[in-house]
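> Can you read through this structure? Questions will come right after.
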Amino acid sequence: MLTPARRSILLLPVVFSILAACAAPGDLPDGSGAGASVLATEVTPSPTIVWFPPTSTWTPFPTPLITPTIESRPGLGDQTFSDNFSDPKDWPGSKPASEGSNSIIVNGNLLTLAVNQPPAVLSSLRNDLQLTGFYARVNISVNRCADNDTYGMLFRAAGSQNAYRYVLACNGKLRAERLQAGRVVIMQDWLASGDVPSGAPAQVQLGVWAAGVELRFFLNGRFQFRVIDPVFHNGTLGLFINAGSPVGMNIGFSDLAVYAVSYVSPTPTATPRKTPTPSRTPKQ
């Protein structure tokens with residue numbers, strides 16, 4: 001009876017014979033044949049799969065620099081004056097009711113300037129009011145207005161012939177003038193603005209800011225333009241209309257208010273120069 005160890009020894013030649021028979025012709029014992037190629041292919045490592053490939057780093061957009069809004073009414077202070085148009089005596093030339101075709105009427109907390117027979121210019125200056133630096137605003141009801149007819153505010157006025165004039169036109173434009181001895185000097189020529197009513201009926205709030213030689217102009221609280229003019233320094237406020245079109249004009253003013261302004265407008269100053277010392281003229 002064969003032991004297991006001896007049985008294994010006897011089977012070795014058979015195993016080698018089977019392996020030799022399975023080998024393809026030309027296989028070499030040095031591993032250079034087809035069998036070696038198969039083994040080599042089986043042990044070649046496959047490429048490593050990169051599941052999370054690196055991406056370029058996100059660069060944030062630069063934060064925009066926000067500049068502060070320029071203060072259009074610097075130095076604006078408390079309300080110092082108001083007029084609800086309750087007393088005709090405060091507005092020269094006005095009456096409590098119409099007494100003719102062209103009228104200045106103070107009634108029902110409203111100052112109404114009406115031209116029914118054009119052409120005509122109507123204006124009235126507020127009594128007992130002297131302003132230097134201020135912001136003044138007034139509400140305007142445009143009841144009848146056409147073509148190039150104009151209306152607006154007089155300020156720093158020493159009379160109807162000497163004043164600054166903020167002018168709105170019925171065609172949707174505005175400008176600023178200086179009346180000096182009745183002569184018109186244009187400080188800002190006509191500009192179109194969406195805040196100026198075109199025709200009637202309409203509502204608008206007119207405002208003027210004045211500090212020193214600087215004058216700023218507003219409609220509905222929105223800045224329109226500025227001018228620099230050194231001629232008039234103080235005076236009263238007034239309201240006016242100038243009607244030339246055949247339909248005439250009817251403009252109502254209400255809720256006049258004035259606010260203090262504490263502001264010094266920056267203006268160029270003269271550069272000091274050293275006074276030269278005169279030299280002695282040499283004798284001949």
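A note on labels: chains of the structure tokens are A, B, ... as shown, every chain counts residues from 1, and ligands are counted from 1 in their shown order.
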Hey, what's within 8 Å of Pro246 of chain A if we count only C-alpha atoms and toss same-chain stuff fewer than 3 positions away? As an MDAnalysis selection string, please?

chainID A and resid 117:119

> From segment 121-258 of chain A, collect each residue whose DSSP state is strand (DSSP E or B) and return the set as JSON, numbers by chain.

{"A": [121, 122, 123, 124, 125, 131, 134, 135, 136, 137, 138, 139, 140, 141, 142, 143, 144, 150, 151, 152, 153, 154, 155, 156, 157, 158, 159, 162, 163, 164, 165, 166, 167, 168, 169, 171, 173, 174, 175, 176, 177, 178, 179, 180, 183, 184, 185, 186, 187, 188, 189, 190, 191, 192, 198, 202, 203, 204, 205, 206, 207, 208, 209, 210, 211, 214, 215, 216, 217, 218, 219, 222, 223, 224, 225, 226, 227, 228, 235, 236, 237, 238, 239, 240, 241, 242, 243, 249, 250, 251, 252, 253, 254, 255, 256, 257, 258]}

> Name the residues in contact with segment 185-198 of chain A at a cut-off of 10 Å, using only C-alpha atoms, excluding same-chain residues fewer than 4 positions from it; report them as JSON, numbers by chain.

{"A": [141, 142, 145, 146, 147, 164, 165, 166, 167, 168, 169, 170, 171, 172, 173, 174, 175, 176, 177, 178, 179, 180, 202, 203, 204, 205, 206, 218, 219, 220, 221, 222, 224, 225, 226, 227, 228, 229]}

> Can you pull out the residues contacting Leu154 of chain A? Cut-off 12 Å, using only C-alpha atoms, and skip same-chain residues under 4 positions away; I want them as a PyMOL selection string.

chain A and resi 122-126+136-138+158-168+176-179+206-208+232+234-241

> For the residues in the current selection, export N, CA and C atoms as a CSV table (one decimal), in the first residue's frame.


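Heads up, here's the output in part-v9.csv:
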```
chain,number,residue,atom,x,y,z
A,122,LEU,N,-47.2,138.9,-14.9
A,122,LEU,CA,-47.7,139.2,-13.5
A,122,LEU,C,-46.7,138.6,-12.5
A,123,SER,N,-46.4,139.4,-11.5
A,123,SER,CA,-45.5,139.0,-10.4
A,123,SER,C,-45.9,139.6,-9.1
A,124,SER,N,-45.5,139.0,-8.0
A,124,SER,CA,-45.7,139.6,-6.7
A,124,SER,C,-44.6,139.1,-5.8
A,125,LEU,N,-44.0,140.1,-5.0
A,125,LEU,CA,-42.9,139.8,-4.1
A,125,LEU,C,-43.4,139.8,-2.6
A,126,ARG,N,-42.9,138.8,-1.9
A,126,ARG,CA,-43.4,138.7,-0.5
A,126,ARG,C,-42.9,139.8,0.4
A,136,ALA,N,-35.5,127.4,-0.4
A,136,ALA,CA,-37.0,127.7,-0.5
A,136,ALA,C,-37.6,126.8,-1.5
A,137,ARG,N,-38.8,126.3,-1.1
A,137,ARG,CA,-39.6,125.4,-2.0
A,137,ARG,C,-41.1,125.9,-2.0
A,138,VAL,N,-41.7,125.6,-3.1
A,138,VAL,CA,-43.2,126.0,-3.2
A,138,VAL,C,-43.8,125.0,-4.2
A,158,ALA,N,-34.6,142.5,-5.1
A,158,ALA,CA,-34.7,143.9,-4.5
A,158,ALA,C,-35.8,144.6,-5.2
A,159,GLY,N,-36.6,143.9,-6.0
A,159,GLY,CA,-37.7,144.5,-6.8
A,159,GLY,C,-38.0,143.6,-8.0
A,160,SER,N,-39.0,143.9,-8.7
A,160,SER,CA,-39.3,143.0,-9.9
A,160,SER,C,-38.3,143.2,-11.0
A,161,GLN,N,-37.5,144.2,-11.0
A,161,GLN,CA,-36.5,144.4,-12.0
A,161,GLN,C,-35.1,144.1,-11.7
A,162,ASN,N,-34.9,143.7,-10.4
A,162,ASN,CA,-33.6,143.3,-9.9
A,162,ASN,C,-33.7,142.0,-9.0
A,163,ALA,N,-33.4,140.9,-9.7
A,163,ALA,CA,-33.7,139.6,-8.9
A,163,ALA,C,-33.1,138.5,-9.8
A,164,TYR,N,-32.9,137.3,-9.1
A,164,TYR,CA,-32.7,136.1,-9.8
A,164,TYR,C,-34.0,135.5,-10.1
A,165,ARG,N,-34.1,134.7,-11.2
A,165,ARG,CA,-35.4,134.2,-11.6
A,165,ARG,C,-35.2,132.7,-12.1
A,166,TYR,N,-35.9,131.8,-11.4
A,166,TYR,CA,-36.0,130.4,-11.8
A,166,TYR,C,-37.2,130.2,-12.7
A,167,VAL,N,-36.9,129.8,-13.9
A,167,VAL,CA,-38.0,129.8,-15.0
A,167,VAL,C,-38.3,128.4,-15.5
A,168,LEU,N,-39.6,128.1,-15.4
A,168,LEU,CA,-40.1,126.9,-16.1
A,168,LEU,C,-41.0,127.3,-17.3
A,176,ALA,N,-32.2,129.4,-15.8
A,176,ALA,CA,-32.0,130.4,-14.7
A,176,ALA,C,-31.6,131.7,-15.3
A,177,GLU,N,-32.1,132.8,-14.8
A,177,GLU,CA,-31.8,134.2,-15.3
A,177,GLU,C,-31.5,135.1,-14.2
A,178,ARG,N,-30.8,136.2,-14.5
A,178,ARG,CA,-30.6,137.3,-13.6
A,178,ARG,C,-31.3,138.5,-14.3
A,179,LEU,N,-32.2,139.2,-13.5
A,179,LEU,CA,-32.8,140.4,-14.0
A,179,LEU,C,-32.1,141.6,-13.3
A,206,LEU,N,-41.2,123.3,-6.9
A,206,LEU,CA,-40.0,124.0,-7.3
A,206,LEU,C,-39.1,124.4,-6.1
A,207,GLY,N,-37.8,124.2,-6.2
A,207,GLY,CA,-36.9,124.5,-5.1
A,207,GLY,C,-35.7,125.2,-5.5
A,208,VAL,N,-35.2,126.2,-4.6
A,208,VAL,CA,-34.0,126.9,-4.9
A,208,VAL,C,-33.1,126.8,-3.6
A,232,PHE,N,-26.2,139.3,-6.8
A,232,PHE,CA,-27.1,139.6,-5.7
A,232,PHE,C,-26.8,138.7,-4.5
A,234,ASN,N,-28.7,139.1,-1.2
A,234,ASN,CA,-29.8,138.8,-0.4
A,234,ASN,C,-31.1,139.5,-1.0
A,235,GLY,N,-32.2,139.2,-0.4
A,235,GLY,CA,-33.5,139.8,-0.9
A,235,GLY,C,-34.6,138.9,-0.6
A,236,THR,N,-35.8,139.2,-1.1
A,236,THR,CA,-37.0,138.5,-0.8
A,236,THR,C,-37.3,137.5,-1.9
A,237,LEU,N,-38.4,136.8,-1.7
A,237,LEU,CA,-38.9,135.8,-2.7
A,237,LEU,C,-40.1,136.4,-3.4
A,238,GLY,N,-40.3,135.9,-4.7
A,238,GLY,CA,-41.5,136.3,-5.4
A,238,GLY,C,-41.9,135.2,-6.4
A,239,LEU,N,-43.1,135.4,-7.0
A,239,LEU,CA,-43.6,134.4,-7.9
A,239,LEU,C,-44.1,135.2,-9.1
A,240,PHE,N,-44.0,134.5,-10.3
A,240,PHE,CA,-44.4,135.2,-11.5
A,240,PHE,C,-44.9,134.3,-12.6
A,241,ILE,N,-45.6,134.9,-13.6
A,241,ILE,CA,-45.9,134.2,-14.8
A,241,ILE,C,-45.7,135.2,-16.0
```

> Which of these, A:Trp209, A:Tyr135, A:Trp51, A:Phe253, has the shortest distance to Ser86 of chain A once you count only C-alpha atoms?

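The answer is A:Phe253, which sits nearest to Ser86 of chain A.
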
> Which residue gives the smallest distance to Glu99 of chain A among A:Asn242, A:Asn116, A:Asp83, A:Arg183, with only C-alpha atoms counted?

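Once distances to Glu99 of chain A are computed over only C-alpha atoms, the minimum belongs to A:Asn116.
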
> Looking at only C-alpha atoms, which of A:Trp91, A:Phe223, A:Tyr151, A:Tyr263 is the one that sits closest to Ser72 of chain A?

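Comparing A:Trp91, A:Phe223, A:Tyr151, A:Tyr263 against Ser72 of chain A, the winner is A:Phe223.
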
> Would you list the contacts of segment 255-262 of chain A as a PyMOL selection string, taking every protein, DNA or RNA residue within 8 Å and counting only C-alpha atoms, but skipping same-chain residues closer than 6 positions in sequence?

chain A and resi 74-85+109+133-139+210-211

> Using only C-alpha atoms, which of the listed residues (A:Ser101, A:Asn148, A:Asn127, A:Thr48) sits closest to Pro88 of chain A?

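Looking at the shortest contact to Pro88 of chain A, the residue is A:Asn127.
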
> For the atom pair atom CA of Leu113 of chain A and atom CA of Ser254 of chain A, what is the interatomic distance in Å to one decimal place?

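Rounded to one decimal, the two atoms are 11.7 Å apart.
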
> Can you list every residue in segment 26-235 of chain A that DSSP puts in alpha helix (DSSP H), as a list in words?

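Of segment 26-235 of chain A, the ones in alpha helix (DSSP H) are Ala34, Gly35, Ala36, Ser37, Val38, Leu39, Ala40, Thr41, Glu42 and Val43 of chain A.
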
> Output N, CA and C atoms for every residue in the selection just made, as a PDB file, in the first residue's frame.


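Produced file selection.pdb, reproduced below:
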```pdb
ATOM      1  N   ALA A  34       5.051  33.000 -26.039  1.00  0.00           N
ATOM      2  CA  ALA A  34       3.694  33.543 -25.922  1.00  0.00           C
ATOM      3  C   ALA A  34       3.183  33.453 -24.510  1.00  0.00           C
ATOM      4  N   GLY A  35       3.546  32.341 -23.830  1.00  0.00           N
ATOM      5  CA  GLY A  35       3.079  32.210 -22.459  1.00  0.00           C
ATOM      6  C   GLY A  35       3.598  33.303 -21.571  1.00  0.00           C
ATOM      7  N   ALA A  36       4.825  33.661 -21.784  1.00  0.00           N
ATOM      8  CA  ALA A  36       5.395  34.760 -20.996  1.00  0.00           C
ATOM      9  C   ALA A  36       4.688  36.055 -21.287  1.00  0.00           C
ATOM     10  N   SER A  37       4.279  36.267 -22.582  1.00  0.00           N
ATOM     11  CA  SER A  37       3.559  37.504 -22.926  1.00  0.00           C
ATOM     12  C   SER A  37       2.238  37.575 -22.210  1.00  0.00           C
ATOM     13  N   VAL A  38       1.543  36.440 -22.131  1.00  0.00           N
ATOM     14  CA  VAL A  38       0.274  36.419 -21.424  1.00  0.00           C
ATOM     15  C   VAL A  38       0.464  36.764 -19.971  1.00  0.00           C
ATOM     16  N   LEU A  39       1.479  36.183 -19.370  1.00  0.00           N
ATOM     17  CA  LEU A  39       1.739  36.482 -17.958  1.00  0.00           C
ATOM     18  C   LEU A  39       2.084  37.950 -17.764  1.00  0.00           C
ATOM     19  N   ALA A  40       2.899  38.458 -18.729  1.00  0.00           N
ATOM     20  CA  ALA A  40       3.289  39.869 -18.603  1.00  0.00           C
ATOM     21  C   ALA A  40       2.084  40.781 -18.725  1.00  0.00           C
ATOM     22  N   THR A  41       1.150  40.433 -19.637  1.00  0.00           N
ATOM     23  CA  THR A  41      -0.040  41.256 -19.797  1.00  0.00           C
ATOM     24  C   THR A  41      -0.901  41.223 -18.550  1.00  0.00           C
ATOM     25  N   GLU A  42      -0.978  40.107 -17.932  1.00  0.00           N
ATOM     26  CA  GLU A  42      -1.825  39.960 -16.756  1.00  0.00           C
ATOM     27  C   GLU A  42      -1.313  40.748 -15.570  1.00  0.00           C
ATOM     28  N   VAL A  43      -0.019  40.928 -15.483  1.00  0.00           N
ATOM     29  CA  VAL A  43       0.528  41.620 -14.303  1.00  0.00           C
ATOM     30  C   VAL A  43       0.750  43.107 -14.547  1.00  0.00           C
TER      31      VAL A  43
END
```

> When distances are computed from only C-alpha atoms, which of A:Asn250, A:Thr150, A:Ser265, A:Gln130 shows the smallest separation from Arg73 of chain A?

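Checking each candidate against Arg73 of chain A, we get A:Ser265 as the closest.
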
> Tell me, in Å to one decimal, how far atom CA of Met249 of chain A is from atom CA of Leu215 of chain A.

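About the pair atom CA of Met249 of chain A and atom CA of Leu215 of chain A: they are 27.8 Å apart.
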